[in-house]
Amino acid sequence: MANFNLIPFSQTNLNEIFKISSKYPDKIISRESSDLEFKESFGWLSLPRYLKTAAAFANAKGGYIVFGIGHKPHKLLGLSGSHLKQFEDIKPEELSDHFNTHFSPEIEWFINEYELNGKTYGLIYINECIDKPVVCKKDAESVLKEGEIYYRYRGRSEKIKYSELRSILDQIKDKEKKLWMQHLLKMAKIGIRDVGIFDLKSGKIMGTGGSLIVDESLLSQLKFIKEGKFSDVDGSVALKLIGNVNIISGLSSSNGGKRIIKTKGIRIADIVLSFLKLEKVMDPIEYIRQICFESTGFLPVYYYMKLAKLNDNKAIEEIKAVISRAPAKLKLIERLEKRIKQSLKIPVSDTTQAKKKILLIDQLKKRSVDIGSSVIDIEYCLQAIRMLKRDEVKSCSDFIRNLLRELFNKYYSSAISNFAGSIRRSICWVDEALYMEKNENYN
């Protein structure tokens, strides 16, 4: 799996985890790995196993535990019933207590509830620990043993082997050397006469100019706060030296789990149906970016550009910044740069097929279409939509969008490639007819 960025539940990372099979839409092609573990359900009885996997990830490069994925094959089951309720009812402070009771140093984790195609999945992300190794300090059933160190190998969590432990110990030595050098450089910069040393045990701050004593009764309350790491979860008291020692509330030094973040997956159906219903989505730029990861670049985009107030140039900048090698990204850029339209010309021949299409054009303008259930009849209707002029699409926009929504819901998931492409291109033309010109003036 690719290296994850600083936002573990970004749409890009979720796409990497939930890679849906093009042949079997109820399965994913992702595999368990050194940073990914699948679980069919969630239950507190299996907590020791979750803790073991979390510690293994923390001692390696970090990783995800995903709940709601079948074991073999990796089916998209989702969480439901009591399993979903148990996950939704997780109290971060209680789960942090379990981590801290069984392992040291602290394990940093984040939690997410992800909705995809009507199903809900639970995810826990474990950060790589800065102060390795994370060591088990309490037994739990037959899973966790005091004094053991766990490590994540490809697709499994187990006791660490010599080579990985040796690597961690070497990293500790290197880190210590770097810290000493950093401290010495800072001391040299400040000047040896102006530097003091704070002894956390005695409360003395000692330097060449004398010493300062922090009362021992306050030492147990004193917490150092790492810049940029404030949290409002456990309400721990932090102290800051400002002449007298005053208590500042509302800050916490805990790096443990936060509340459950809930996100909704964006896939082709979401991009298409949100446009056809003209939904005011919360983050339209994410819909544009998501097209870059799909199997096709022929999806509505101008509507989302309007919502995001992006002109063509700004949209292209956003798309180029997306890290994706999918052909859809290049096709989408090409569509915007060349302003390619999906409209078709009205046939001038006197064939039966041409007459059917012209009849359908007239019916569309009258907001009453009579089409059969055969693929060819629906294909003619889709082509007729693309033969409508821009003003004609605007005048019967509601009718056409509702018709396309019905056709998409009924046929798209089971359609062969060419037929599915016709559905998408018709939707793209409606998007272009309604919103392409409007996006030219955004700054």
# chains A, B, ... in the order shown; residues from 1 in each chain; ligands from 1
>>> residues_around(residues="Cys381 in chain A", least_positions_apart="2", cutoff="10 Å", atoms="only C-alpha atoms", output="list in words")
Lys356, Lys357, Ile358, Leu359, Leu360, Ile361, Gln363, Leu364, Val369, Asp370, Ile371, Gly372, Val375, Ile376, Asp377, Ile378, Glu379, Gln383, Ala384, Ile385, Arg386, Met387, Leu404, Ile423 and Ser426 of chain A
>>> closest_residue(among="A:Lys306, A:Lys345, A:Arg259, A:Arg325", to="Glu94 in chain A", atoms="only C-alpha atoms")
A:Arg259
>>> residues_around(residues="range 48-57 of chain A", least_positions_apart="2", cutoff="6 Å", atoms="only C-alpha atoms", output="ChimeraX atom specification")
/A:46,59-60,62-63,150-152,157
>>> write_last_selection(atoms="N, CA and C atoms", output="compact mmCIF listing (two decimals), in the first residue's frame")
# COMPACT_ATOMS: atom_id res chain seq x y z
N SER A 46 -13.07 -9.48 21.36
CA SER A 46 -11.84 -9.62 20.56
C SER A 46 -10.84 -8.49 20.82
N ASN A 59 4.80 -0.31 16.29
CA ASN A 59 6.23 -0.65 16.25
C ASN A 59 6.78 -0.73 14.84
N ALA A 60 5.89 -0.72 13.84
CA ALA A 60 6.32 -0.76 12.44
C ALA A 60 6.14 0.64 11.84
N GLY A 62 2.96 2.07 11.27
CA GLY A 62 1.58 2.49 11.41
C GLY A 62 0.67 1.68 10.49
N GLY A 63 -0.65 1.80 10.69
CA GLY A 63 -1.55 1.07 9.81
C GLY A 63 -2.99 1.14 10.23
N TYR A 150 5.46 -6.66 19.93
CA TYR A 150 4.82 -7.15 18.71
C TYR A 150 5.19 -6.27 17.52
N TYR A 151 5.22 -6.89 16.38
CA TYR A 151 5.64 -6.18 15.16
C TYR A 151 4.76 -6.63 14.01
N ARG A 152 4.51 -5.70 13.08
CA ARG A 152 3.64 -6.02 11.94
C ARG A 152 4.47 -6.49 10.77
N SER A 157 0.42 -10.04 12.63
CA SER A 157 1.04 -9.39 13.79
C SER A 157 1.57 -10.47 14.71
>>> closest_residue(among="A:Ile333, A:Ile69, A:Leu123, A:Ile29", to="Ile90 in chain A", atoms="only C-alpha atoms")
A:Leu123
>>> select_by_dssp(residues="range 62-226 of chain A", states="alpha helix (DSSP H)", output="ChimeraX atom specification")
/A:81-88,92-102,162-190,216-219
>>> atom_distance(atom1="CA of Leu382 in chain A", atom2="CA of Gln342 in chain A")
11.3 Å
>>> select_by_dssp(residues="range 4-124 of chain A", states="strand (DSSP E)", output="VMD selection string")
chain A and resid 36 to 39 63 to 67 103 to 104 109 to 116 119 to 124
>>> write_last_selection(atoms="N, CA and C atoms", output="tab-separated table (two decimals), in the first residue's frame")
chain	number	residue	atom	x	y	z
A	36	LEU	N	-2.21	-2.88	6.84
A	36	LEU	CA	-3.66	-3.04	6.65
A	36	LEU	C	-4.12	-4.39	7.18
A	37	GLU	N	-5.16	-4.36	8.05
A	37	GLU	CA	-5.74	-5.58	8.61
A	37	GLU	C	-7.26	-5.50	8.48
A	38	PHE	N	-7.90	-6.57	8.02
A	38	PHE	CA	-9.35	-6.62	7.86
A	38	PHE	C	-9.98	-7.47	8.96
A	39	LYS	N	-11.14	-7.02	9.44
A	39	LYS	CA	-11.95	-7.78	10.39
A	39	LYS	C	-13.40	-7.79	9.88
A	63	GLY	N	-0.65	1.80	10.69
A	63	GLY	CA	-1.55	1.07	9.81
A	63	GLY	C	-2.99	1.14	10.23
A	64	TYR	N	-3.84	0.45	9.46
A	64	TYR	CA	-5.30	0.51	9.64
A	64	TYR	C	-5.86	-0.85	10.02
A	65	ILE	N	-6.80	-0.84	10.97
A	65	ILE	CA	-7.66	-1.99	11.22
A	65	ILE	C	-9.03	-1.61	10.67
A	66	VAL	N	-9.54	-2.39	9.71
A	66	VAL	CA	-10.80	-2.07	9.04
A	66	VAL	C	-11.83	-3.13	9.41
A	67	PHE	N	-12.95	-2.70	9.99
A	67	PHE	CA	-14.01	-3.61	10.42
A	67	PHE	C	-15.16	-3.60	9.41
A	103	PHE	N	-0.03	-1.41	27.30
A	103	PHE	CA	1.19	-1.10	26.54
A	103	PHE	C	1.81	0.20	27.01
A	104	SER	N	3.12	0.26	26.82
A	104	SER	CA	3.88	1.49	27.07
A	104	SER	C	5.06	1.50	26.10
A	109	TRP	N	-3.79	6.85	18.30
A	109	TRP	CA	-4.75	6.23	17.39
A	109	TRP	C	-5.88	7.20	17.05
A	110	PHE	N	-6.53	6.91	15.93
A	110	PHE	CA	-7.65	7.73	15.45
A	110	PHE	C	-8.73	6.80	14.93
A	111	ILE	N	-9.97	7.25	14.98
A	111	ILE	CA	-11.09	6.37	14.65
A	111	ILE	C	-12.02	7.02	13.64
A	112	ASN	N	-12.60	6.18	12.76
A	112	ASN	CA	-13.42	6.70	11.68
A	112	ASN	C	-14.57	5.74	11.38
A	113	GLU	N	-15.72	6.31	11.08
A	113	GLU	CA	-16.88	5.54	10.61
A	113	GLU	C	-17.12	5.93	9.16
A	114	TYR	N	-17.01	4.99	8.26
A	114	TYR	CA	-17.00	5.27	6.82
A	114	TYR	C	-18.20	4.63	6.14
A	115	GLU	N	-18.99	5.44	5.46
A	115	GLU	CA	-20.16	4.95	4.73
A	115	GLU	C	-19.83	4.84	3.25
A	116	LEU	N	-20.05	3.66	2.68
A	116	LEU	CA	-19.75	3.42	1.27
A	116	LEU	C	-20.86	2.56	0.67
A	119	LYS	N	-23.39	1.01	3.04
A	119	LYS	CA	-22.91	0.19	4.14
A	119	LYS	C	-21.90	0.98	4.97
A	120	THR	N	-21.81	0.62	6.26
A	120	THR	CA	-20.95	1.35	7.18
A	120	THR	C	-19.78	0.48	7.62
A	121	TYR	N	-18.59	1.07	7.61
A	121	TYR	CA	-17.36	0.38	8.00
A	121	TYR	C	-16.69	1.15	9.12
A	122	GLY	N	-16.04	0.43	10.01
A	122	GLY	CA	-15.29	1.06	11.08
A	122	GLY	C	-13.80	0.97	10.81
A	123	LEU	N	-13.08	2.04	11.06
A	123	LEU	CA	-11.63	2.04	10.86
A	123	LEU	C	-10.93	2.62	12.08
A	124	ILE	N	-9.85	1.99	12.48
A	124	ILE	CA	-8.96	2.55	13.50
A	124	ILE	C	-7.58	2.66	12.87
>>> residues_around(residues="range 267-279 of chain A", least_positions_apart="2", cutoff="7 Å", atoms="only C-alpha atoms", output="number ranges by chain")
A: 265, 281, 287, 299-300, 303, 401, 405
>>> residues_around(residues="Val301 in chain A", least_positions_apart="6", cutoff="10 Å", atoms="only C-alpha atoms", output="PyMOL selection string")
chain A and resi 271-272+275+284-285+287-289+291+315+332+335-336+428+431-432+435-436
>>> write_last_selection(atoms="N, CA and C atoms", output="short mmCIF file (atom, residue, chain, number, x, y, z; two decimals), in the first residue's frame")
data_model
loop_
_atom_site.label_atom_id
_atom_site.label_comp_id
_atom_site.auth_asym_id
_atom_site.auth_seq_id
_atom_site.Cartn_x
_atom_site.Cartn_y
_atom_site.Cartn_z
N ILE A 271 -21.18 10.81 -7.41
CA ILE A 271 -20.87 11.94 -8.30
C ILE A 271 -22.02 12.18 -9.27
N VAL A 272 -22.55 11.09 -9.82
CA VAL A 272 -23.63 11.21 -10.81
C VAL A 272 -24.94 11.64 -10.16
N PHE A 275 -25.21 15.18 -8.73
CA PHE A 275 -25.41 16.16 -9.79
C PHE A 275 -26.84 16.12 -10.32
N PRO A 284 -17.51 20.23 -2.61
CA PRO A 284 -17.55 19.90 -4.05
C PRO A 284 -16.19 19.60 -4.67
N ILE A 285 -15.12 20.19 -4.13
CA ILE A 285 -13.79 19.93 -4.68
C ILE A 285 -13.42 18.46 -4.53
N TYR A 287 -15.42 15.99 -4.80
CA TYR A 287 -16.11 15.26 -5.88
C TYR A 287 -15.30 15.36 -7.17
N ILE A 288 -14.74 16.54 -7.41
CA ILE A 288 -13.90 16.73 -8.61
C ILE A 288 -12.65 15.87 -8.50
N ARG A 289 -12.01 15.90 -7.35
CA ARG A 289 -10.79 15.11 -7.15
C ARG A 289 -11.06 13.62 -7.30
N ILE A 291 -13.03 12.04 -9.21
CA ILE A 291 -13.10 11.58 -10.60
C ILE A 291 -11.74 11.05 -11.05
N ALA A 315 -9.74 24.79 -11.61
CA ALA A 315 -10.11 23.38 -11.50
C ALA A 315 -8.99 22.49 -12.01
N LEU A 332 -9.94 13.89 -17.75
CA LEU A 332 -10.65 15.01 -17.17
C LEU A 332 -9.94 16.32 -17.48
N ARG A 335 -10.59 17.20 -21.08
CA ARG A 335 -11.96 17.73 -21.27
C ARG A 335 -12.04 19.21 -20.92
N LEU A 336 -11.37 19.58 -19.81
CA LEU A 336 -11.44 20.97 -19.37
C LEU A 336 -10.57 21.89 -20.21
N CYS A 428 -22.94 13.81 -18.88
CA CYS A 428 -21.93 14.85 -19.06
C CYS A 428 -22.45 15.99 -19.92
N ASP A 431 -24.66 18.21 -17.92
CA ASP A 431 -23.79 19.01 -17.03
C ASP A 431 -23.16 20.16 -17.80
N GLU A 432 -22.66 19.87 -18.99
CA GLU A 432 -22.01 20.91 -19.82
C GLU A 432 -23.02 21.96 -20.27
N TYR A 435 -23.95 24.12 -17.08
CA TYR A 435 -22.97 24.79 -16.23
C TYR A 435 -21.62 25.10 -16.87
N MET A 436 -21.35 24.63 -18.07
CA MET A 436 -20.02 24.88 -18.64
C MET A 436 -19.73 26.37 -18.78
#
>>> residues_around(residues="Tyr24 in chain A", least_positions_apart="4", cutoff="12 Å", atoms="only C-alpha atoms", output="ChimeraX atom specification")
/A:19-20,28-29,73-76,413-414
>>> residues_around(residues="Ser34 in chain A", least_positions_apart="4", cutoff="6 Å", atoms="only C-alpha atoms", output="number ranges by chain")
A: 152-155
>>> atom_distance(atom1="CA of Ile160 in chain A", atom2="CA of Glu146 in chain A")
13.8 Å
